[in-house]
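A.B. asks: As input, take upload39.txt (compact mmCIF, C-alpha atoms):
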# COMPACT_ATOMS: atom_id res chain seq x y z
CA MET A 1 151.58 149.03 100.39
CA LYS A 2 152.72 150.67 103.59
CA ALA A 3 150.29 152.43 105.94
CA THR A 4 151.51 154.60 108.82
CA VAL A 5 149.07 155.65 111.55
CA LEU A 6 149.62 159.38 112.15
CA ILE A 7 146.89 159.72 114.79
CA ASP A 8 144.92 157.29 116.92
CA ASN A 9 143.66 157.33 120.51
CA LEU A 10 146.61 155.18 121.57
CA THR A 11 150.25 155.90 120.84
CA GLN A 12 153.73 154.49 121.06
CA GLY A 13 156.99 156.30 121.81
CA THR A 14 156.80 160.10 121.95
CA LEU A 15 154.13 160.55 119.29
CA LEU A 16 150.98 162.48 120.21
CA PRO A 17 147.66 160.64 120.66
CA GLU A 18 144.23 162.09 119.98
CA TRP A 19 140.60 161.07 119.72
CA GLY A 20 140.63 160.76 115.95
CA LEU A 21 142.32 158.94 113.09
CA SER A 22 144.73 159.80 110.29
CA ILE A 23 146.68 157.34 108.15
CA TYR A 24 149.44 158.01 105.61
CA ILE A 25 149.58 155.42 102.82
CA GLU A 26 152.33 154.69 100.30
CA TYR A 27 151.16 152.56 97.37
CA GLU A 28 152.96 151.79 94.12
CA GLY A 29 154.97 155.01 94.42
CA HIS A 30 151.91 157.12 95.30
CA LYS A 31 151.46 159.01 98.58
CA ILE A 32 147.93 159.24 99.99
CA LEU A 33 146.43 160.67 103.19
CA LEU A 34 143.30 159.23 104.78
CA ASP A 35 141.72 161.67 107.25
CA THR A 36 143.44 164.33 109.33
CA GLY A 37 142.33 163.77 112.92
CA ALA A 38 140.85 166.57 115.02
CA SER A 39 143.76 169.04 115.09
CA ASP A 40 147.31 169.63 113.90
CA LYS A 41 148.66 166.66 115.85
CA PHE A 42 148.67 164.37 112.81
CA ALA A 43 150.99 166.85 111.04
CA ARG A 44 153.25 167.16 114.06
CA ASN A 45 153.55 163.38 114.24
CA ALA A 46 154.21 163.19 110.49
CA SER A 47 157.12 165.60 110.96
CA LYS A 48 158.53 163.45 113.78
CA LEU A 49 158.26 160.39 111.54
CA GLY A 50 160.01 162.12 108.63
CA ILE A 51 156.86 162.17 106.48
CA ASP A 52 156.57 165.24 104.24
CA LEU A 53 152.87 166.07 103.83
CA SER A 54 153.69 168.43 100.95
CA ASN A 55 154.37 165.31 98.85
CA VAL A 56 150.91 163.80 99.36
CA GLU A 57 149.20 163.44 95.96
CA PHE A 58 145.62 163.35 97.22
CA GLY A 59 143.64 162.99 100.40
CA VAL A 60 140.48 161.07 101.25
CA LEU A 61 137.96 161.93 103.95
CA SER A 62 136.35 158.76 105.26
CA HIS A 63 133.31 160.59 106.64
CA ALA A 64 132.20 164.04 107.76
CA HIS A 65 132.92 163.95 111.52
CA TYR A 66 135.21 166.47 113.22
CA ASP A 67 137.65 163.88 114.60
CA HIS A 68 138.60 162.93 111.04
CA ALA A 69 138.17 166.26 109.28
CA ASP A 70 139.22 169.13 111.55
CA GLY A 71 142.90 168.84 110.59
CA MET A 72 142.11 169.39 106.90
CA SER A 73 142.98 173.10 106.98
CA VAL A 74 146.38 172.20 108.45
CA PHE A 75 146.92 169.73 105.61
CA PHE A 76 146.03 172.32 102.98
CA GLU A 77 148.42 174.79 104.60
CA ASN A 78 151.19 172.19 104.33
CA ASN A 79 150.33 170.98 100.84
CA ALA A 80 149.75 173.35 97.92
CA LYS A 81 148.52 170.90 95.30
CA ALA A 82 146.64 167.85 96.57
CA SER A 83 142.89 167.52 96.24
CA PHE A 84 140.74 165.89 98.91
CA TYR A 85 138.02 163.38 97.97
CA LEU A 86 134.77 163.65 99.94
CA ARG A 87 131.60 161.66 99.52
CA GLU A 88 128.86 163.70 97.85
CA GLY A 89 126.68 163.40 100.97
CA THR A 90 129.22 165.39 103.00
CA GLN A 91 127.63 168.52 104.45
CA GLY A 92 127.91 170.48 107.65
CA ASN A 93 124.98 168.65 109.23
CA CYS A 94 126.23 165.83 111.50
CA TYR A 95 125.09 165.76 115.12
CA GLY A 96 125.40 163.54 118.16
CA LYS A 97 122.38 163.22 120.43
CA ARG A 98 122.47 163.14 124.23
CA TRP A 99 119.12 163.05 125.96
CA ILE A 100 117.06 165.62 124.01
CA PHE A 101 120.05 167.71 122.97
CA HIS A 102 121.90 167.60 119.65
CA LYS A 103 125.57 168.58 119.54
CA TYR A 104 127.33 169.42 116.30
CA ILE A 105 130.06 166.85 115.55
CA GLY A 106 130.56 167.45 111.83
CA ILE A 107 133.22 168.88 109.57
CA GLN A 108 133.92 172.58 110.00
CA LYS A 109 131.70 174.40 107.52
CA LYS A 110 134.54 176.89 107.02
CA ILE A 111 136.70 174.10 105.55
CA LEU A 112 134.04 173.22 102.98
CA LYS A 113 133.85 176.89 101.97
CA ASP A 114 137.47 178.03 102.16
CA TYR A 115 138.94 175.02 100.36
CA ARG A 116 136.14 174.26 97.92
CA ASP A 117 138.61 174.49 95.01
CA ARG A 118 140.64 171.65 96.56
CA ILE A 119 137.67 169.39 97.31
CA ILE A 120 136.33 166.75 94.89
CA TYR A 121 132.91 165.28 95.67
CA VAL A 122 132.44 161.63 94.73
CA SER A 123 128.95 160.46 93.80
CA ALA A 124 129.50 156.75 93.03
CA ASP A 125 132.16 154.05 92.91
CA GLN A 126 135.28 155.75 91.58
CA GLU A 127 138.78 154.60 90.69
CA VAL A 128 141.14 157.34 91.88
CA ILE A 129 144.34 155.79 90.52
CA SER A 130 145.04 152.35 89.14
CA GLY A 131 144.39 149.81 91.88
CA VAL A 132 142.66 152.26 94.25
CA ARG A 133 138.90 152.83 94.46
CA LEU A 134 136.44 154.77 96.59
CA LEU A 135 133.23 152.91 97.45
CA PRO A 136 130.08 154.31 99.10
CA HIS A 137 127.72 152.23 101.21
CA HIS A 138 125.28 150.03 99.30
CA THR A 139 123.71 148.36 102.34
CA LYS A 140 120.12 149.43 102.98
CA GLY A 141 118.72 150.47 106.33
CA LEU A 142 121.85 151.97 107.85
CA GLU A 143 119.67 154.48 109.69
CA GLN A 144 119.33 151.79 112.39
CA PHE A 145 123.07 152.11 113.09
CA GLY A 146 122.75 155.88 113.28
CA LYS A 147 119.86 155.71 115.74
CA LYS A 148 121.55 153.08 117.92
CA ASN A 149 124.73 155.16 118.13
CA PHE A 150 122.90 158.48 118.68
CA LEU A 151 124.19 159.90 115.40
CA TYR A 152 121.94 162.22 113.40
CA VAL A 153 121.92 164.55 110.42
CA LYS A 154 120.01 167.81 110.32
CA LYS A 155 117.78 168.53 107.34
CA GLY A 156 116.07 171.86 107.56
CA ILE A 157 114.97 172.15 111.18
CA ARG A 158 114.58 168.40 111.77
CA TYR A 159 117.03 165.69 112.85
CA PHE A 160 117.09 162.23 111.27
CA PRO A 161 119.12 159.12 112.15
CA ASP A 162 122.32 159.17 110.09
CA SER A 163 122.38 156.71 107.15
CA PHE A 164 126.05 157.58 106.51
CA GLU A 165 125.73 158.86 102.96
CA HIS A 166 128.89 160.84 103.81
CA GLU A 167 130.95 157.68 104.56
CA GLN A 168 133.15 155.84 102.07
CA SER A 169 135.65 152.98 101.93
CA LEU A 170 139.10 153.33 100.38
CA VAL A 171 140.13 150.04 98.73
CA PHE A 172 143.57 148.96 97.51
CA GLU A 173 144.47 146.01 95.30
CA THR A 174 147.58 144.28 96.67
CA GLY A 175 149.44 141.03 96.13
CA LYS A 176 147.86 139.60 99.29
CA GLY A 177 144.35 140.64 98.31
CA LEU A 178 142.13 143.69 98.77
CA VAL A 179 142.85 146.03 101.67
CA ILE A 180 139.94 148.15 102.92
CA PHE A 181 140.24 151.36 104.91
CA ASN A 182 137.07 152.61 106.60
CA SER A 183 137.92 154.83 109.52
CA CYS A 184 134.84 154.30 111.69
CA SER A 185 132.85 151.60 109.87
CA HIS A 186 129.56 153.16 110.97
CA GLY A 187 127.75 150.98 108.44
CA GLY A 188 128.99 147.82 110.18
CA ALA A 189 132.40 146.21 109.64
CA ASP A 190 130.87 143.02 108.26
CA ASN A 191 128.58 145.00 105.93
CA ILE A 192 131.57 146.93 104.60
CA ILE A 193 133.47 143.71 103.86
CA GLN A 194 130.43 142.37 102.03
CA GLU A 195 130.03 145.62 100.05
CA VAL A 196 133.64 145.38 98.88
CA ALA A 197 133.22 141.68 98.05
CA ALA A 198 130.24 142.57 95.85
CA ALA A 199 132.24 145.30 94.10
CA TYR A 200 135.13 142.89 93.40
CA PRO A 201 133.48 139.55 92.55
CA GLY A 202 135.73 136.58 93.17
CA ARG A 203 138.54 138.66 94.68
CA LYS A 204 140.20 137.78 97.98
CA ILE A 205 139.89 140.37 100.76
CA TYR A 206 142.98 140.48 102.94
CA ALA A 207 142.36 143.20 105.55
CA LEU A 208 140.04 145.86 106.96
CA ILE A 209 141.73 148.78 108.69
CA GLY A 210 139.88 151.33 110.83
CA GLY A 211 137.66 151.90 113.84
CA PHE A 212 134.50 149.80 114.28
CA HIS A 213 132.42 152.18 116.46
CA LEU A 214 131.48 149.57 119.05
CA TYR A 215 131.40 151.50 122.31
CA HIS A 216 127.57 151.45 122.30
CA SER A 217 127.47 147.70 121.60
CA THR A 218 126.89 144.91 124.10
CA GLU A 219 129.31 142.03 124.62
CA GLU A 220 126.83 139.72 122.91
CA GLU A 221 126.65 142.03 119.87
CA ILE A 222 130.44 142.28 119.66
CA ARG A 223 130.86 138.50 119.82
CA ALA A 224 128.24 138.10 117.10
CA LEU A 225 130.08 140.66 114.95
CA ALA A 226 133.34 138.74 115.44
CA ASP A 227 131.62 135.60 114.18
CA ARG A 228 130.28 137.42 111.12
CA ILE A 229 133.71 138.88 110.39
CA ARG A 230 135.26 135.42 110.62
CA GLN A 231 132.65 134.06 108.21
CA THR A 232 133.63 136.60 105.54
CA GLY A 233 137.01 134.87 105.18
CA ILE A 234 138.98 138.07 105.71
CA GLN A 235 142.47 137.40 107.05
CA LYS A 236 143.24 140.50 109.15
CA ILE A 237 141.55 143.36 110.94
CA TYR A 238 143.49 146.32 112.31
CA THR A 239 141.18 148.31 114.54
CA GLY A 240 141.23 151.06 117.15
CA HIS A 241 139.91 154.60 117.64
CA CYS A 242 136.12 154.28 118.08
CA THR A 243 136.18 150.51 118.54
CA GLY A 244 136.90 151.03 122.23
CA GLN A 245 139.25 148.97 124.38
CA PRO A 246 136.62 146.63 125.91
CA ALA A 247 135.31 145.81 122.42
CA TYR A 248 138.80 145.32 121.04
CA ASP A 249 139.61 142.91 123.86
CA ILE A 250 136.55 140.82 122.96
CA LEU A 251 137.44 140.87 119.25
CA LYS A 252 140.99 139.82 120.10
CA GLU A 253 139.70 136.99 122.28
CA GLN A 254 137.38 135.81 119.50
CA LEU A 255 139.65 136.33 116.50
CA GLY A 256 143.13 135.85 117.96
CA GLU A 257 145.99 136.72 115.60
CA GLN A 258 143.44 137.83 113.01
CA ALA A 259 142.94 141.06 115.04
CA GLU A 260 145.53 143.75 115.78
CA GLN A 261 145.30 147.03 117.72
CA LEU A 262 145.86 150.31 115.89
CA LYS A 263 148.21 152.82 117.54
CA THR A 264 149.73 156.13 116.56
CA GLY A 265 153.04 155.38 114.85
CA MET A 266 152.09 151.84 113.83
CA GLU A 267 153.22 150.69 110.38
CA ILE A 268 151.24 148.13 108.40
CA LEU A 269 153.03 146.46 105.49
CA VAL A 270 151.10 144.50 102.87
I need this file expressed as structure tokens, please.
C.D. replies:
Amino acid sequence: MKATVLIDNLTQGTLLPEWGLSIYIEYEGHKILLDTGASDKFARNASKLGIDLSNVEFGVLSHAHYDHADGMSVFFENNAKASFYLREGTQGNCYGKRWIFHKYIGIQKKILKDYRDRIIYVSADQEVISGVRLLPHHTKGLEQFGKKNFLYVKKGIRYFPDSFEHEQSLVFETGKGLVIFNSCSHGGADNIIQEVAAAYPGRKIYALIGGFHLYHSTEEEIRALADRIRQTGIQKIYTGHCTGQPAYDILKEQLGEQAEQLKTGMEILV
């Protein structure tokens, strides 16, 4: 498996950075796209890297926030055939809260409407191709993470802490073990590792790749998370985007070579 980061907050060389995430994955001859960032920059970087998005077989949206979904229309314009897999809980109803105000931070509702024939909604664990599965959250009480991080969903005229029913993990079986992609890990990186472990009893988990959404976490909380990650037995984490640099520095201090920083243009070989 080879994963190429098309968009992250950080970059290397002349590639464009952006607050968002998009990863192109080659696996057993298949070409897969995870997320599309917040604009067309992921596609512009793909072109610079010699990656032809028209050859992507299917896409996966990790969750329904704009910084992962707003490039979807650009992808569909560059690819005439691929479907995009969204979690069934995906709606145009995600908000961030600041003071008493709620700001819309979700997927463009126009995308859900205009490309509905290209979108597949997933309601449970699902194998997409041999060796690749989509997994929803199974951990209870994730509303506490939504409230802590000021993330809400609107139902009717009311706002409720997000329980991340629109978030999913993308899991690959590889020779080194299972590789998990979860672009923001809103449900908790350690919880996600445990969810995958429960879905694959007795299987080794090699890596978790994605942001950890830690910029509202204290140093004590981040150190405790690093300990819990270590206890799972996972060998590698590749993290960036919403992890935040101060949090990454703590994770790196705690986990050493087990942790690596995501950057636009980075290639991960498994």
A.B. asks: Enclose all atoms of region 237-241 of chain A listed in the file in an axis-aligned box, grow every side by 5 Å, and hand back centre and edge lengths in Å to one decimal, as JSON.
C.D. replies:
{"center_x": 141.7, "center_y": 149.0, "center_z": 114.3, "size_x": 13.6, "size_y": 21.2, "size_z": 16.7}
A.B. asks: Show me, as a Markdown table, the residues of region 94-127 of chain A having an atom within 12 Å of region 165-186 of chain A, each with the closest atom pair and its distance in Å, using all atoms listed in the file.
C.D. replies:
| residue | atom | partner | partner_atom | distance |
| --- | --- | --- | --- | --- |
| A:Cys94 | CA | A:His166 | CA | 9.5 |
| A:Gly106 | CA | A:His166 | CA | 10.5 |
| A:Ile107 | CA | A:His166 | CA | 10.8 |
| A:Tyr121 | CA | A:His166 | CA | 10.1 |
| A:Val122 | CA | A:Gln168 | CA | 9.4 |
| A:Ser123 | CA | A:Glu165 | CA | 9.8 |
| A:Ala124 | CA | A:Gln168 | CA | 9.8 |
| A:Asp125 | CA | A:Gln168 | CA | 9.4 |
| A:Gln126 | CA | A:Leu170 | CA | 9.9 |
| A:Glu127 | CA | A:Val171 | CA | 9.3 |
A.B. asks: Can you tell me, as number ranges by chain, what residues are no more than 7 Å from region 15-19 of chain A when counting only C-alpha atoms, ignoring any on the same chain fewer than 2 positions away?
C.D. replies: A: 7-13, 41, 45, 67, 241, 264-265
A.B. asks: Using only C-alpha atoms, list the residues that have an atom at most 7 Å from (144.0, 167.1, 104.7), coordinates as in the file, as a short mmCIF file (atom, residue, chain, number, x, y, z; two decimals) with C-alpha atoms, in the coordinates of the input.
C.D. replies:
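Output contents, as saved in point.cif:
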data_model
loop_
_atom_site.label_atom_id
_atom_site.label_comp_id
_atom_site.auth_asym_id
_atom_site.auth_seq_id
_atom_site.Cartn_x
_atom_site.Cartn_y
_atom_site.Cartn_z
CA ASP A 35 141.72 161.67 107.25
CA THR A 36 143.44 164.33 109.33
CA GLY A 59 143.64 162.99 100.40
CA GLY A 71 142.90 168.84 110.59
CA MET A 72 142.11 169.39 106.90
CA SER A 73 142.98 173.10 106.98
CA VAL A 74 146.38 172.20 108.45
CA PHE A 75 146.92 169.73 105.61
CA PHE A 76 146.03 172.32 102.98
CA PHE A 84 140.74 165.89 98.91
#
A.B. asks: Compare A:Ala259, A:Leu49, A:Ala199, A:Leu151 by their minimum atom-to-atom distance to His213 (chain A), counting only C-alpha atoms, and give me the closest one.
C.D. replies: A:Leu151
A.B. asks: Looking at A:Ser163, A:Ser130, A:Asn93, A:Gln258, which one is nearest to Leu142 (chain A), with distances taken over only C-alpha atoms?
C.D. replies: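 For Leu142 (chain A), the nearest of the candidates is A:Ser163.
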A.B. asks: Quick one: residues within 12 Å of Ile250 (chain A), only C-alpha atoms, excluding same-chain residues fewer than 3 positions away - as a PyMOL selection string?
C.D. replies: chain A and resi 214-215+217-227+243-247+253-256+259-261
A.B. asks: Could you tell me how far CA of Gln194 (chain A) sits from CA of His137 (chain A), in Å to one decimal place?
C.D. replies: 10.3 Å
A.B. asks: Interatomic distance between CA of Val56 (chain A) and CA of Lys2 (chain A)?
C.D. replies: 13.9 Å
A.B. asks: Please determine, counting all atoms listed in the file, which residue among A:Pro136, A:Ile25, A:Phe145, A:Arg87 has the shortest atom-to-atom distance to Ile120 (chain A).
C.D. replies: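 Looking only at the distances to Ile120 (chain A), the closest residue turns out to be A:Arg87.
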A.B. asks: Just how far from CA of Gly20 (chain A) is CA of Phe212 (chain A), in Å to one decimal?
C.D. replies: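 About the pair CA of Phe212 (chain A) and CA of Gly20 (chain A): they are 12.7 Å apart.
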A.B. asks: Compare A:Phe58, A:Tyr104, A:Phe42, A:Phe160 by their minimum atom-to-atom distance to Arg118 (chain A), counting only C-alpha atoms, and give me the closest one.
C.D. replies: A:Phe58
A.B. asks: Find, counting all atoms listed in the file, the residue in A:His63, A:Lys263, A:Lys110, A:His68 that gets nearest to Asp40 (chain A).
C.D. replies: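 Closest to Asp40 (chain A), using all atoms listed in the file: A:His68.
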A.B. asks: Return the single residue from A:Ile51, A:Ile237, A:Leu134, A:Ile268 that is closest to Lys252 (chain A), with distances computed using all atoms listed in the file.
C.D. replies: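 Under the stated criterion, the closest residue is A:Ile237.
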A.B. asks: Export region 74-200 of chain A of the preceding structure, keeping C-alpha atoms, as a tab-separated table (two decimals), in the first residue's frame.
C.D. replies:
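part20.tsv written:
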chain	number	residue	atom	x	y	z
A	74	VAL	CA	-13.68	19.34	-8.21
A	75	PHE	CA	-13.08	15.60	-7.94
A	76	PHE	CA	-16.33	14.79	-9.72
A	77	GLU	CA	-15.44	17.24	-12.48
A	78	ASN	CA	-12.12	15.42	-12.94
A	79	ASN	CA	-13.51	11.89	-12.63
A	80	ALA	CA	-16.53	10.70	-14.58
A	81	LYS	CA	-17.07	7.30	-12.98
A	82	ALA	CA	-16.04	6.97	-9.34
A	83	SER	CA	-18.58	6.84	-6.54
A	84	PHE	CA	-17.96	8.45	-3.15
A	85	TYR	CA	-18.77	6.58	0.08
A	86	LEU	CA	-20.32	8.68	2.85
A	87	ARG	CA	-21.52	7.57	6.24
A	88	GLU	CA	-25.31	7.44	6.44
A	89	GLY	CA	-25.30	10.13	9.14
A	90	THR	CA	-23.85	12.67	6.70
A	91	GLN	CA	-26.15	15.67	6.35
A	92	GLY	CA	-25.73	19.38	5.91
A	93	ASN	CA	-26.01	20.03	9.64
A	94	CYS	CA	-22.52	20.38	11.19
A	95	TYR	CA	-21.72	23.53	13.16
A	96	GLY	CA	-18.90	24.93	15.25
A	97	LYS	CA	-19.82	26.96	18.32
A	98	ARG	CA	-18.09	30.13	19.48
A	99	TRP	CA	-19.61	31.85	22.47
A	100	ILE	CA	-23.36	31.71	21.76
A	101	PHE	CA	-22.97	31.65	17.99
A	102	HIS	CA	-23.05	28.61	15.70
A	103	LYS	CA	-21.14	28.71	12.41
A	104	TYR	CA	-21.81	26.23	9.64
A	105	ILE	CA	-18.74	24.02	9.04
A	106	GLY	CA	-20.35	21.13	7.16
A	107	ILE	CA	-20.32	19.72	3.67
A	108	GLN	CA	-21.81	21.95	0.99
A	109	LYS	CA	-25.47	20.98	0.70
A	110	LYS	CA	-25.19	21.60	-3.05
A	111	ILE	CA	-22.70	18.71	-3.32
A	112	LEU	CA	-25.12	16.30	-1.65
A	113	LYS	CA	-27.82	17.37	-4.10
A	114	ASP	CA	-25.92	17.81	-7.37
A	115	TYR	CA	-23.92	14.59	-7.09
A	116	ARG	CA	-26.45	12.36	-5.36
A	117	ASP	CA	-26.12	9.79	-8.17
A	118	ARG	CA	-22.40	9.46	-7.39
A	119	ILE	CA	-22.81	9.18	-3.61
A	120	ILE	CA	-23.22	5.87	-1.75
A	121	TYR	CA	-24.39	6.06	1.87
A	122	VAL	CA	-22.98	3.41	4.19
A	123	SER	CA	-25.09	2.32	7.15
A	124	ALA	CA	-22.88	-0.32	8.83
A	125	ASP	CA	-19.51	-2.05	8.55
A	126	GLN	CA	-18.92	-2.57	4.84
A	127	GLU	CA	-16.23	-4.23	2.76
A	128	VAL	CA	-15.69	-2.01	-0.27
A	129	ILE	CA	-13.16	-4.24	-2.03
A	130	SER	CA	-11.26	-7.27	-0.82
A	131	GLY	CA	-9.05	-6.20	2.07
A	132	VAL	CA	-10.67	-2.76	2.52
A	133	ARG	CA	-13.49	-1.96	4.94
A	134	LEU	CA	-15.41	1.08	6.16
A	135	LEU	CA	-16.17	1.12	9.88
A	136	PRO	CA	-18.45	3.52	11.79
A	137	HIS	CA	-17.96	4.44	15.43
A	138	HIS	CA	-19.17	1.89	17.96
A	139	THR	CA	-17.96	3.74	21.07
A	140	LYS	CA	-20.79	5.16	23.18
A	141	GLY	CA	-20.93	8.67	24.58
A	142	LEU	CA	-18.99	10.46	21.86
A	143	GLU	CA	-21.18	13.52	22.42
A	144	GLN	CA	-18.69	14.45	25.17
A	145	PHE	CA	-15.99	14.88	22.50
A	146	GLY	CA	-18.34	17.03	20.44
A	147	LYS	CA	-19.17	19.28	23.38
A	148	LYS	CA	-15.54	19.62	24.47
A	149	ASN	CA	-14.48	20.60	20.95
A	150	PHE	CA	-17.44	22.96	20.37
A	151	LEU	CA	-18.79	20.80	17.55
A	152	TYR	CA	-22.55	20.50	17.10
A	153	VAL	CA	-25.21	19.17	14.76
A	154	LYS	CA	-28.47	20.95	14.07
A	155	LYS	CA	-31.71	18.99	14.32
A	156	GLY	CA	-34.73	21.06	13.54
A	157	ILE	CA	-34.11	24.39	15.26
A	158	ARG	CA	-31.93	22.97	18.06
A	159	TYR	CA	-28.20	22.26	18.32
A	160	PHE	CA	-26.81	19.11	19.94
A	161	PRO	CA	-23.22	18.07	20.69
A	162	ASP	CA	-21.93	16.06	17.72
A	163	SER	CA	-21.71	12.29	18.31
A	164	PHE	CA	-19.96	11.88	14.93
A	165	GLU	CA	-22.45	9.55	13.27
A	166	HIS	CA	-21.06	11.02	10.02
A	167	GLU	CA	-17.48	9.84	10.73
A	168	GLN	CA	-15.95	6.58	9.54
A	169	SER	CA	-12.62	4.75	9.47
A	170	LEU	CA	-11.11	3.32	6.30
A	171	VAL	CA	-9.19	0.11	7.10
A	172	PHE	CA	-6.70	-1.79	4.92
A	173	GLU	CA	-5.31	-5.27	5.43
A	174	THR	CA	-1.57	-5.29	4.70
A	175	GLY	CA	1.38	-7.60	5.22
A	176	LYS	CA	2.49	-5.51	8.22
A	177	GLY	CA	-0.96	-5.50	9.79
A	178	LEU	CA	-4.07	-3.33	9.63
A	179	VAL	CA	-3.70	0.28	8.54
A	180	ILE	CA	-6.42	2.70	9.70
A	181	PHE	CA	-7.23	6.04	8.09
A	182	ASN	CA	-9.43	8.40	10.11
A	183	SER	CA	-8.88	11.96	9.02
A	184	CYS	CA	-9.77	13.81	12.23
A	185	SER	CA	-10.34	11.03	14.78
A	186	HIS	CA	-13.05	13.05	16.52
A	187	GLY	CA	-14.10	9.94	18.41
A	188	GLY	CA	-10.66	9.66	20.02
A	189	ALA	CA	-7.60	8.07	18.40
A	190	ASP	CA	-7.38	5.37	21.06
A	191	ASN	CA	-11.11	4.62	20.76
A	192	ILE	CA	-10.75	4.23	17.00
A	193	ILE	CA	-7.87	1.76	17.42
A	194	GLN	CA	-9.97	-0.23	19.87
A	195	GLU	CA	-12.99	-0.18	17.53
A	196	VAL	CA	-10.87	-1.62	14.72
A	197	ALA	CA	-9.35	-4.21	17.07
A	198	ALA	CA	-12.87	-5.36	17.98
A	199	ALA	CA	-13.84	-5.60	14.31
A	200	TYR	CA	-10.73	-7.69	13.51
